[in-house]
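The file input.tsv comes next; it holds TSV, C-alpha atoms.
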chain	number	residue	atom	x	y	z
A	1	ALA	CA	12.77	-24.31	2.90
A	2	ALA	CA	10.33	-27.22	2.53
A	3	ALA	CA	9.72	-27.26	6.27
A	4	GLY	CA	9.17	-23.51	6.27
A	5	VAL	CA	6.32	-23.81	3.80
A	6	GLN	CA	4.22	-25.32	6.56
A	7	ASP	CA	4.70	-22.23	8.72
A	8	ALA	CA	5.14	-18.85	7.02
A	9	ALA	CA	5.86	-17.11	10.29
A	10	GLN	CA	8.72	-19.48	11.09
A	11	MET	CA	10.04	-19.08	7.56
A	12	SER	CA	10.06	-15.31	7.94
A	13	LYS	CA	12.40	-15.56	10.95
A	14	VAL	CA	14.92	-17.37	8.76
A	15	VAL	CA	14.58	-15.27	5.63
A	16	PHE	CA	14.36	-11.73	7.04
A	17	PRO	CA	17.98	-11.61	8.28
A	18	ILE	CA	19.17	-12.74	4.86
A	19	PHE	CA	18.21	-9.53	3.10
A	20	LEU	CA	17.99	-7.16	6.10
A	21	ARG	CA	21.05	-8.22	8.11
A	22	GLY	CA	22.35	-5.36	10.22
A	23	HIS	CA	19.10	-3.39	10.02
A	24	PRO	CA	17.01	-4.33	13.08
A	25	GLN	CA	14.64	-1.42	12.64
A	26	ALA	CA	13.87	-2.48	9.08
A	27	ILE	CA	13.30	-6.04	10.26
A	28	SER	CA	10.81	-4.79	12.84
A	29	GLN	CA	8.97	-2.75	10.23
A	30	PHE	CA	8.77	-5.74	7.95
A	31	HIS	CA	7.31	-7.87	10.73
A	32	GLU	CA	4.79	-5.26	11.78
A	33	ARG	CA	3.59	-3.93	8.45
A	34	ASN	CA	4.39	-6.26	5.60
A	35	ILE	CA	4.46	-9.89	6.74
A	36	ASN	CA	1.18	-10.80	5.04
A	37	ASN	CA	1.97	-8.82	1.91
A	38	ILE	CA	5.35	-10.46	1.29
A	39	LYS	CA	4.67	-13.93	2.68
A	40	SER	CA	4.27	-15.36	-0.80
A	41	ALA	CA	7.49	-13.68	-1.92
A	42	ILE	CA	9.35	-14.98	1.12
A	43	LEU	CA	8.36	-18.56	0.43
A	44	THR	CA	9.30	-18.32	-3.23
A	45	LYS	CA	12.62	-16.62	-2.44
A	46	ALA	CA	13.47	-19.24	0.17
A	47	HIS	CA	12.85	-22.08	-2.24
A	48	ARG	CA	14.91	-20.40	-4.94
A	49	GLN	CA	17.81	-19.84	-2.54
A	50	SER	CA	17.63	-23.40	-1.26
A	51	SER	CA	17.52	-24.82	-4.77
A	52	ASN	CA	20.40	-22.62	-5.93
A	53	ARG	CA	22.58	-23.84	-3.07
A	54	ILE	CA	21.89	-27.41	-4.13
A	55	ARG	CA	22.61	-26.61	-7.78
A	56	ARG	CA	25.89	-24.94	-6.91
A	57	ALA	CA	26.90	-27.95	-4.80
A	58	PHE	CA	26.44	-30.17	-7.85
A	59	GLY	CA	28.10	-27.72	-10.23
A	60	THR	CA	24.94	-26.74	-12.10
A	61	SER	CA	23.76	-23.22	-12.92
A	62	PRO	CA	21.64	-21.32	-10.43
A	63	ILE	CA	18.08	-20.55	-11.39
A	64	ALA	CA	17.61	-17.25	-13.19
A	65	GLY	CA	15.70	-14.37	-11.69
A	66	SER	CA	16.64	-12.28	-8.68
A	67	SER	CA	14.75	-12.24	-5.42
A	68	ASN	CA	13.78	-8.66	-6.14
A	69	ASP	CA	11.74	-9.86	-9.11
A	70	VAL	CA	9.49	-11.72	-6.74
A	71	ILE	CA	9.34	-9.01	-4.08
A	72	THR	CA	8.21	-6.41	-6.61
A	73	GLY	CA	5.65	-8.73	-8.14
A	74	SER	CA	7.45	-9.17	-11.45
A	75	LEU	CA	6.73	-12.33	-13.40
A	76	SER	CA	10.34	-12.47	-14.57
A	77	GLY	CA	11.53	-16.06	-14.44
A	78	ALA	CA	8.09	-17.28	-13.31
A	79	LYS	CA	8.33	-20.54	-15.26
A	80	ASP	CA	11.54	-21.35	-13.40
A	81	LEU	CA	9.62	-21.39	-10.12
A	82	THR	CA	7.64	-24.52	-10.95
A	83	SER	CA	10.34	-26.94	-9.85
A	84	LEU	CA	10.92	-24.98	-6.64
A	85	LEU	CA	7.37	-25.12	-5.31
A	86	PRO	CA	6.72	-27.57	-2.47
A	87	PRO	CA	4.71	-30.73	-3.21
A	88	ALA	CA	0.99	-30.13	-3.15
A	89	SER	CA	-0.45	-30.89	0.27
A	90	SER	CA	-3.71	-32.75	0.83
A	91	GLY	CA	-4.99	-29.96	3.04
A	92	ALA	CA	-6.51	-32.58	5.34
A	93	GLY	CA	-7.02	-30.50	8.45
A	94	ARG	CA	-9.72	-31.12	11.01
A	95	ASN	CA	-12.40	-29.36	8.97
A	96	ALA	CA	-11.33	-31.17	5.80
A	97	ARG	CA	-11.42	-34.67	7.31
A	98	GLY	CA	-14.76	-34.59	9.12
A	99	ALA	CA	-18.30	-34.66	7.81
A	100	LYS	CA	-20.53	-31.64	8.40
A	101	LEU	CA	-24.21	-31.20	9.12
A	102	LEU	CA	-25.60	-27.68	8.68
A	103	VAL	CA	-29.04	-26.82	10.05
A	104	SER	CA	-30.97	-23.54	9.78
A	105	GLY	CA	-34.52	-22.46	10.50
A	106	PRO	CA	-36.83	-21.44	13.34
A	107	ASP	CA	-35.50	-22.12	16.81
A	108	ALA	CA	-37.17	-24.79	18.95
A	109	ALA	CA	-36.52	-26.64	22.19
A	110	GLY	CA	-34.67	-29.93	21.77
A	111	ILE	CA	-33.36	-29.25	18.28
A	112	VAL	CA	-29.67	-29.46	19.24
A	113	ALA	CA	-30.09	-32.71	21.16
A	114	SER	CA	-32.21	-34.30	18.43
A	115	PHE	CA	-29.65	-33.97	15.65
A	116	SER	CA	-26.75	-34.94	17.94
A	117	GLN	CA	-28.60	-38.06	19.12
A	118	LEU	CA	-29.42	-39.04	15.55
A	119	LEU	CA	-25.74	-39.03	14.59
A	120	TYR	CA	-24.71	-40.83	17.79
A	121	ARG	CA	-27.34	-43.52	17.24
A	122	HIS	CA	-25.73	-44.36	13.89
A	123	GLY	CA	-22.19	-44.61	15.30
A	124	CYS	CA	-20.95	-41.11	14.47
A	125	GLY	CA	-18.73	-39.21	16.88
A	126	ILE	CA	-19.29	-35.48	17.41
A	127	VAL	CA	-15.98	-33.68	16.87
A	128	ASP	CA	-17.31	-30.14	17.18
A	129	CYS	CA	-20.73	-28.54	17.49
A	130	ALA	CA	-21.54	-24.86	17.20
A	131	SER	CA	-25.01	-23.34	17.24
A	132	GLU	CA	-26.43	-19.84	17.30
A	133	SER	CA	-29.86	-18.38	17.84
A	134	SER	CA	-30.75	-14.84	16.82
A	135	GLN	CA	-33.80	-12.61	16.64
A	136	ARG	CA	-35.45	-12.38	13.25
A	137	ASP	CA	-34.89	-9.15	11.34
A	138	ASP	CA	-37.88	-6.80	11.39
A	139	ASP	CA	-39.59	-6.08	8.10
A	140	ASP	CA	-38.42	-2.65	6.96
A	141	LYS	CA	-41.80	-1.93	5.38
A	142	GLY	CA	-43.60	-1.47	8.69
A	143	VAL	CA	-45.14	-4.93	8.83
A	144	THR	CA	-45.37	-6.57	12.26
A	145	PRO	CA	-42.03	-8.32	12.99
A	146	SER	CA	-41.94	-12.09	12.66
A	147	SER	CA	-42.22	-13.95	15.94
A	148	GLY	CA	-39.63	-16.37	17.26
A	149	ARG	CA	-35.91	-16.70	16.71
A	150	LYS	CA	-33.71	-18.12	13.97
A	151	PHE	CA	-31.52	-21.12	14.66
A	152	PHE	CA	-28.22	-22.04	12.98
A	153	GLN	CA	-26.09	-25.08	13.73
A	154	ARG	CA	-22.95	-26.71	12.36
A	155	ILE	CA	-21.93	-30.17	13.52
A	156	LEU	CA	-18.54	-31.59	12.58
A	157	PHE	CA	-18.64	-35.35	13.04
A	158	ASP	CA	-16.52	-38.45	12.46
A	159	HIS	CA	-18.37	-41.11	10.44
A	160	GLY	CA	-15.63	-43.73	10.63
A	161	GLY	CA	-17.86	-45.95	12.78
A	162	LEU	CA	-21.04	-45.36	10.77
A	163	SER	CA	-23.41	-48.30	11.38
A	164	ALA	CA	-25.87	-47.54	8.56
A	165	GLU	CA	-25.75	-46.48	4.94
A	166	ARG	CA	-25.38	-42.78	4.29
A	167	LYS	CA	-28.74	-42.61	2.56
A	168	VAL	CA	-30.42	-43.90	5.71
A	169	VAL	CA	-28.81	-41.16	7.79
A	170	GLU	CA	-29.75	-38.52	5.22
A	171	ARG	CA	-33.39	-39.70	5.17
A	172	GLU	CA	-33.59	-39.49	8.95
A	173	VAL	CA	-32.04	-36.03	8.89
A	174	ASP	CA	-34.70	-34.96	6.36
A	175	ALA	CA	-37.44	-36.39	8.56
A	176	LEU	CA	-36.12	-34.54	11.58
A	177	CYS	CA	-35.95	-31.32	9.53
A	178	ALA	CA	-39.62	-31.76	8.60
A	179	THR	CA	-40.48	-32.16	12.28
A	180	PHE	CA	-38.76	-28.92	13.29
A	181	GLY	CA	-39.47	-27.02	10.06
A	182	VAL	CA	-35.77	-26.41	9.33
A	183	LYS	CA	-33.42	-26.91	6.38
A	184	SER	CA	-30.25	-28.98	6.41
A	185	LYS	CA	-27.23	-29.95	4.38
A	186	VAL	CA	-25.01	-33.00	4.91
A	187	CYS	CA	-21.46	-32.96	3.51
A	188	TRP	CA	-19.54	-36.19	4.07
A	189	GLY	CA	-16.18	-34.53	3.44
A	190	ASP	CA	-14.61	-37.24	1.30
A	191	ARG	CA	-14.86	-35.42	-2.04
A	192	ARG	CA	-12.59	-32.52	-2.89
A	193	ARG	CA	-14.51	-29.66	-4.44
A	194	LYS	CA	-13.43	-28.37	-7.83
A	195	VAL	CA	-12.67	-24.67	-8.08
A	196	ALA	CA	-12.24	-22.31	-11.04
A	197	ILE	CA	-10.56	-18.93	-10.58
A	198	PHE	CA	-11.57	-15.99	-12.79
A	199	VAL	CA	-9.02	-13.18	-13.24
A	200	SER	CA	-8.28	-10.20	-15.47
A	201	LYS	CA	-4.92	-8.43	-15.07
A	202	TYR	CA	-4.37	-8.00	-11.31
A	203	ASP	CA	-2.28	-10.91	-10.04
A	204	HIS	CA	-2.06	-10.57	-6.24
A	205	CYS	CA	-5.20	-12.56	-5.41
A	206	LEU	CA	-4.34	-15.30	-7.91
A	207	TRP	CA	-0.84	-15.73	-6.49
A	208	GLU	CA	-2.21	-15.94	-2.97
A	209	LEU	CA	-4.87	-18.52	-3.82
A	210	LEU	CA	-2.45	-20.75	-5.71
A	211	LEU	CA	0.27	-20.52	-3.05
A	212	ARG	CA	-2.17	-21.23	-0.21
A	213	HIS	CA	-3.59	-24.15	-2.17
A	214	ARG	CA	-0.11	-25.55	-2.80
A	215	ALA	CA	0.65	-25.19	0.93
A	216	GLY	CA	-2.43	-27.28	1.73
A	217	GLU	CA	-4.58	-24.54	3.22
A	218	LEU	CA	-7.45	-24.94	0.73
A	219	HIS	CA	-9.10	-28.37	0.60
A	220	CYS	CA	-10.04	-28.39	-3.09
A	221	ASP	CA	-8.77	-28.97	-6.62
A	222	ILE	CA	-8.15	-25.83	-8.68
A	223	VAL	CA	-9.01	-27.12	-12.14
A	224	ALA	CA	-8.87	-23.94	-14.22
A	225	VAL	CA	-7.92	-20.28	-14.32
A	226	VAL	CA	-10.23	-18.34	-16.63
A	227	SER	CA	-9.45	-14.86	-17.92
A	228	ASN	CA	-10.34	-12.29	-20.52
A	229	HIS	CA	-6.63	-11.47	-20.97
A	230	GLU	CA	-3.40	-13.38	-21.56
A	231	ASP	CA	-1.44	-11.47	-18.92
A	232	LEU	CA	-1.56	-13.96	-16.05
A	233	ARG	CA	-0.88	-17.15	-17.99
A	234	PRO	CA	2.68	-17.40	-16.54
A	235	VAL	CA	1.25	-17.44	-13.01
A	236	ALA	CA	-1.15	-20.30	-13.76
A	237	GLU	CA	1.53	-22.24	-15.61
A	238	THR	CA	3.86	-21.89	-12.60
A	239	PHE	CA	1.39	-24.08	-10.70
A	240	ASP	CA	0.48	-26.32	-13.65
A	241	VAL	CA	-3.10	-25.06	-13.70
A	242	PRO	CA	-4.78	-24.87	-17.15
A	243	TYR	CA	-5.28	-21.28	-18.28
A	244	HIS	CA	-8.23	-20.43	-20.52
A	245	VAL	CA	-8.64	-17.07	-22.26
A	246	TYR	CA	-11.98	-15.71	-23.46
A	247	PRO	CA	-11.47	-12.21	-24.90
A	248	ILE	CA	-14.57	-10.17	-24.16
A	249	THR	CA	-16.06	-7.22	-25.99
A	250	ARG	CA	-19.56	-5.78	-25.83
A	251	GLU	CA	-20.45	-7.81	-28.92
A	252	THR	CA	-18.95	-11.13	-27.79
A	253	LYS	CA	-19.71	-11.03	-24.05
A	254	SER	CA	-22.82	-13.24	-24.04
A	255	GLY	CA	-21.32	-15.84	-26.36
A	256	GLN	CA	-18.07	-16.01	-24.40
A	257	GLU	CA	-19.96	-16.46	-21.16
A	258	VAL	CA	-21.80	-19.43	-22.65
A	259	SER	CA	-18.40	-20.93	-23.51
A	260	GLN	CA	-17.16	-20.25	-19.98
A	261	LEU	CA	-20.17	-22.03	-18.49
A	262	ASP	CA	-19.59	-24.98	-20.82
A	263	LEU	CA	-16.02	-25.17	-19.54
A	264	LEU	CA	-17.15	-25.12	-15.91
A	265	ARG	CA	-19.73	-27.84	-16.54
A	266	SER	CA	-17.19	-30.03	-18.32
A	267	HIS	CA	-14.92	-29.86	-15.26
A	268	GLY	CA	-17.74	-30.28	-12.77
A	269	VAL	CA	-16.78	-27.01	-11.05
A	270	ASP	CA	-18.35	-26.52	-7.62
A	271	LEU	CA	-17.08	-23.03	-6.80
A	272	VAL	CA	-16.13	-19.98	-8.88
A	273	VAL	CA	-13.75	-17.45	-7.34
A	274	LEU	CA	-13.63	-13.97	-8.86
A	275	ALA	CA	-10.05	-12.94	-8.03
A	276	ARG	CA	-10.34	-9.35	-9.30
A	277	TYR	CA	-12.20	-10.40	-12.43
A	278	MET	CA	-13.24	-7.12	-14.02
A	279	GLN	CA	-16.40	-8.29	-15.79
A	280	ILE	CA	-20.03	-8.34	-14.62
A	281	LEU	CA	-21.61	-11.78	-14.70
A	282	SER	CA	-25.01	-12.30	-16.31
A	283	ALA	CA	-28.20	-13.32	-14.53
A	284	ALA	CA	-27.94	-16.81	-16.03
A	285	PHE	CA	-24.40	-17.26	-14.72
A	286	CYS	CA	-25.31	-16.09	-11.21
A	287	ALA	CA	-28.41	-18.29	-11.17
A	288	GLU	CA	-26.51	-21.45	-12.15
A	289	TYR	CA	-23.90	-20.89	-9.45
A	290	ARG	CA	-26.11	-19.34	-6.78
A	291	ASN	CA	-24.16	-18.92	-3.54
A	292	ARG	CA	-21.20	-20.56	-5.26
A	293	ILE	CA	-19.49	-17.48	-6.71
A	294	ILE	CA	-17.19	-15.59	-4.34
A	295	ASN	CA	-16.14	-12.06	-5.28
A	296	ILE	CA	-13.66	-9.68	-3.68
A	297	HIS	CA	-13.94	-5.89	-3.70
A	298	HIS	CA	-13.04	-2.81	-1.66
A	299	SER	CA	-15.36	-2.42	1.31
A	300	PHE	CA	-15.59	1.31	0.65
A	301	LEU	CA	-16.57	0.75	-2.98
A	302	PRO	CA	-20.13	2.16	-2.49
A	303	ALA	CA	-18.54	5.48	-1.48
A	304	PHE	CA	-15.88	5.48	-4.19
A	305	VAL	CA	-17.41	4.10	-7.35
A	306	GLY	CA	-15.19	3.48	-10.35
A	307	SER	CA	-11.94	1.82	-11.37
A	308	ARG	CA	-9.64	3.94	-9.16
A	309	PRO	CA	-11.11	3.68	-5.64
A	310	TYR	CA	-7.75	3.98	-3.88
A	311	HIS	CA	-6.98	7.23	-5.69
A	312	GLN	CA	-10.37	8.61	-4.68
A	313	ALA	CA	-9.85	7.46	-1.11
A	314	HIS	CA	-6.48	9.21	-1.01
A	315	GLU	CA	-7.99	12.42	-2.32
A	316	ARG	CA	-10.67	12.32	0.41
A	317	GLY	CA	-8.15	11.57	3.17
A	318	VAL	CA	-9.78	8.37	4.45
A	319	LYS	CA	-8.48	6.87	7.69
A	320	LEU	CA	-9.58	3.27	7.07
A	321	ILE	CA	-9.50	1.09	3.98
A	322	GLY	CA	-10.81	-2.41	3.68
A	323	ALA	CA	-11.89	-5.35	1.57
A	324	THR	CA	-15.04	-7.48	1.44
A	325	ALA	CA	-15.57	-11.00	0.13
A	326	HIS	CA	-19.17	-11.86	-0.72
A	327	TYR	CA	-21.29	-14.17	-2.83
A	328	ALA	CA	-21.99	-12.64	-6.24
A	329	THR	CA	-25.62	-11.87	-7.03
A	330	LEU	CA	-27.58	-9.93	-9.64
A	331	ASP	CA	-27.25	-6.84	-7.45
A	332	LEU	CA	-23.70	-5.71	-8.11
A	333	ASP	CA	-21.50	-5.92	-4.99
A	334	GLN	CA	-24.59	-6.42	-2.80
A	335	GLY	CA	-24.38	-10.19	-2.19
A	336	PRO	CA	-24.23	-11.86	1.25
A	337	ILE	CA	-20.96	-10.94	2.98
A	338	ILE	CA	-18.65	-13.78	4.00
A	339	GLU	CA	-15.53	-11.98	5.25
A	340	GLN	CA	-14.26	-8.43	5.77
A	341	ASP	CA	-11.16	-6.71	7.12
A	342	ILE	CA	-9.80	-3.18	7.44
A	343	THR	CA	-6.50	-1.42	8.11
A	344	ARG	CA	-5.69	2.12	9.17
A	345	VAL	CA	-4.09	4.64	6.83
A	346	GLY	CA	-2.87	8.15	7.43
A	347	HIS	CA	-1.97	11.41	5.75
A	348	ARG	CA	1.61	10.18	5.23
A	349	ASP	CA	0.42	7.31	3.04
A	350	ASP	CA	0.46	8.07	-0.65
A	351	VAL	CA	-1.62	6.29	-3.29
A	352	SER	CA	0.94	3.51	-3.69
A	353	ASP	CA	0.74	2.83	0.07
A	354	LEU	CA	-3.03	2.57	-0.08
A	355	ILE	CA	-2.84	0.23	-3.06
A	356	ARG	CA	-0.27	-1.97	-1.31
A	357	LYS	CA	-2.25	-2.15	1.91
A	358	GLY	CA	-5.50	-2.66	0.02
A	359	ARG	CA	-4.13	-5.54	-2.02
A	360	THR	CA	-2.88	-7.22	1.14
A	361	LEU	CA	-6.37	-7.02	2.58
A	362	GLU	CA	-7.99	-8.21	-0.63
A	363	LYS	CA	-5.98	-11.40	-1.01
A	364	ASN	CA	-6.19	-12.37	2.66
A	365	VAL	CA	-9.91	-11.69	2.91
A	366	LEU	CA	-10.57	-13.63	-0.29
A	367	VAL	CA	-8.60	-16.66	0.91
A	368	SER	CA	-10.43	-16.61	4.25
A	369	ALA	CA	-13.80	-16.54	2.48
A	370	VAL	CA	-12.89	-19.36	0.12
A	371	ARG	CA	-11.63	-21.48	3.01
A	372	ALA	CA	-14.83	-20.86	4.99
A	373	HIS	CA	-16.92	-21.95	2.00
A	374	LEU	CA	-14.86	-25.08	1.39
A	375	ASP	CA	-15.00	-26.00	5.09
A	376	GLU	CA	-18.81	-25.72	5.05
A	377	ARG	CA	-18.70	-22.99	7.70
A	378	VAL	CA	-21.14	-20.68	5.88
A	379	ILE	CA	-24.93	-20.68	6.02
A	380	VAL	CA	-26.63	-18.15	3.74
A	381	ASP	CA	-29.70	-16.68	5.42
A	382	GLU	CA	-31.56	-14.48	2.96
A	383	HIS	CA	-29.22	-11.50	2.44
A	384	LYS	CA	-26.53	-12.33	4.98
A	385	CYS	CA	-24.12	-15.09	5.90
A	386	ILE	CA	-23.75	-16.91	9.19
A	387	VAL	CA	-20.05	-17.84	9.33
A	388	PHE	CA	-18.85	-20.29	11.98
A	389	SER	CA	-15.31	-19.99	13.32
A	390	GLU	CA	-12.61	-22.48	12.41
Write the structure described by the file as structure tokens, please.
Amino acid sequence: AAAGVQDAAQMSKVVFPIFLRGHPQAISQFHERNINNIKSAILTKAHRQSSNRIRRAFGTSPIAGSSNDVITGSLSGAKDLTSLLPPASSGAGRNARGAKLLVSGPDAAGIVASFSQLLYRHGCGIVDCASESSQRDDDDKGVTPSSGRKFFQRILFDHGGLSAERKVVEREVDALCATFGVKSKVCWGDRRRKVAIFVSKYDHCLWELLLRHRAGELHCDIVAVVSNHEDLRPVAETFDVPYHVYPITRETKSGQEVSQLDLLRSHGVDLVVLARYMQILSAAFCAEYRNRIINIHHSFLPAFVGSRPYHQAHERGVKLIGATAHYATLDLDQGPIIEQDITRVGHRDDVSDLIRKGRTLEKNVLVSAVRAHLDERVIVDEHKCIVFSE
């Protein structure tokens, strides 16, 4: 089971026959339609089964809670899962280990070579370099379009052989930026960012974030789960993450938000993830964490406004549903888009099918966006994001 945590697909090959033995068609359907949706449940079930076998071998009682509790999303026996989770991984993949240099601004000849040579001159090795150049967007008010092209670059480099102090390199990068009229950001990659997750009552995104983090897929420290309800405390406690509740009413909203910001400051939080947090953040909150608040919502939300978008989509007979992860701004659900995905639906799908498929999209899209942010693969350019591939 521990080995399977590193590869959910391999784990599924072991676990599927356990509860679908003798039903090859059902196994195929699971693989084709539900592998992402039940991956978390598979991992948890596998660890429970493995642990129970060990307990029986030593004559101790199996852990309470059936596998069906996990598959259906029940929190029954959630506290018992703590000892079954795999050890937290460092998440030290290629993107986590290396330093990153992000550059954006007007395109110019020699810009790629200049930054690469600067790093090489100071003993840094280029691990990966990706750059893009695109035409500037025309002004929608009829003004003459801006001349020239926009340039975006991400350099992943190894600074193990750095021959100068970091401040020297950063000063030279700043000087080069002044020469070309561009902006830059240097991230040395040796400090794990601190993340706070905001939730209300929906648990699917929270489970996915915590499981992926425990599996080492998110290079960060999740220091707090913040909510306006008590409902998801068992989930946070399963992963030993502090859970903070701030009940919110119209009268207490502003004061509670001040307390939430105080909490984030005390923990030195770098990124806020809104994992289906059903409250609108104030202008002050958005300003303090500009381009550091990631929200998830249904990509068709502008067409189906309200708290029951999947029901509305079902009534209208939509053929595609989706999810969008974006940076939160003052304009509700209008922030720069980081990640999106869609899936097809049909007339045979009822509301519960749409909800199930939608939640699968939501949690996977949100994790992808958070990982891109943590890996420094996102450059925000006015109202849109340039996202480099892994």
Distance cut-off 6 Å, centre (-3.4, 7.1, 0.5) in file coordinates, counting only C-alpha atoms: which residues qualify? Return them as an MDAnalysis selection string. chainID A and resid 314 349:351 353:354
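Using all atoms listed in the file, the shortest contact distance between A:Asn295 and any of A:Ile155, A:Leu374, A:Val367, A:Val345 is found at A:Val367.
Distances from A:Ile248, A:Ala215, A:Ile355, A:Val272 to A:Tyr289 were compared using all atoms listed in the file, and the smallest one belongs to A:Val272.
If all atoms listed in the file are the atoms counted, then among A:Ala313, A:Val380, A:Leu332, A:Leu209 the closest residue to A:Val365 is A:Leu209.
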Given the choices A:Leu210, A:Val186, A:Val173, A:Leu119, which gets closest to A:Gly161 if the distance is worked out from all atoms listed in the file? A:Leu119
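With only C-alpha atoms as the basis for measurement, A:Asp375 is the residue among A:Asp331, A:Asp262, A:Asp174, A:Asp375 that approaches A:Cys187 most closely.
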Which one is closest to A:Gly105: A:Glu132, A:Glu217, A:Asp270, A:Glu257? Count all atoms listed in the file. A:Glu132
Mind pulling up the distance from atom CA of A:Glu376 to atom CA of A:Gln334? 21.6 Å
Considering only C-alpha atoms, return as a PyMOL selection string whatever protein or nucleic-acid residues lie within 12 Å of A:Ala99, sequence-local ones (same chain, fewer than 3 positions apart) excluded. chain A and resi 94-96+102+119+124-129+154-160+162+166+185-191+375-377
Correct to one decimal, the distance atom CA of A:Arg356-atom CA of A:Asp203 is 12.7 Å
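Interatomic distance, atom CA of A:Ser227 to atom CA of A:Ile293: 15.3 Å.
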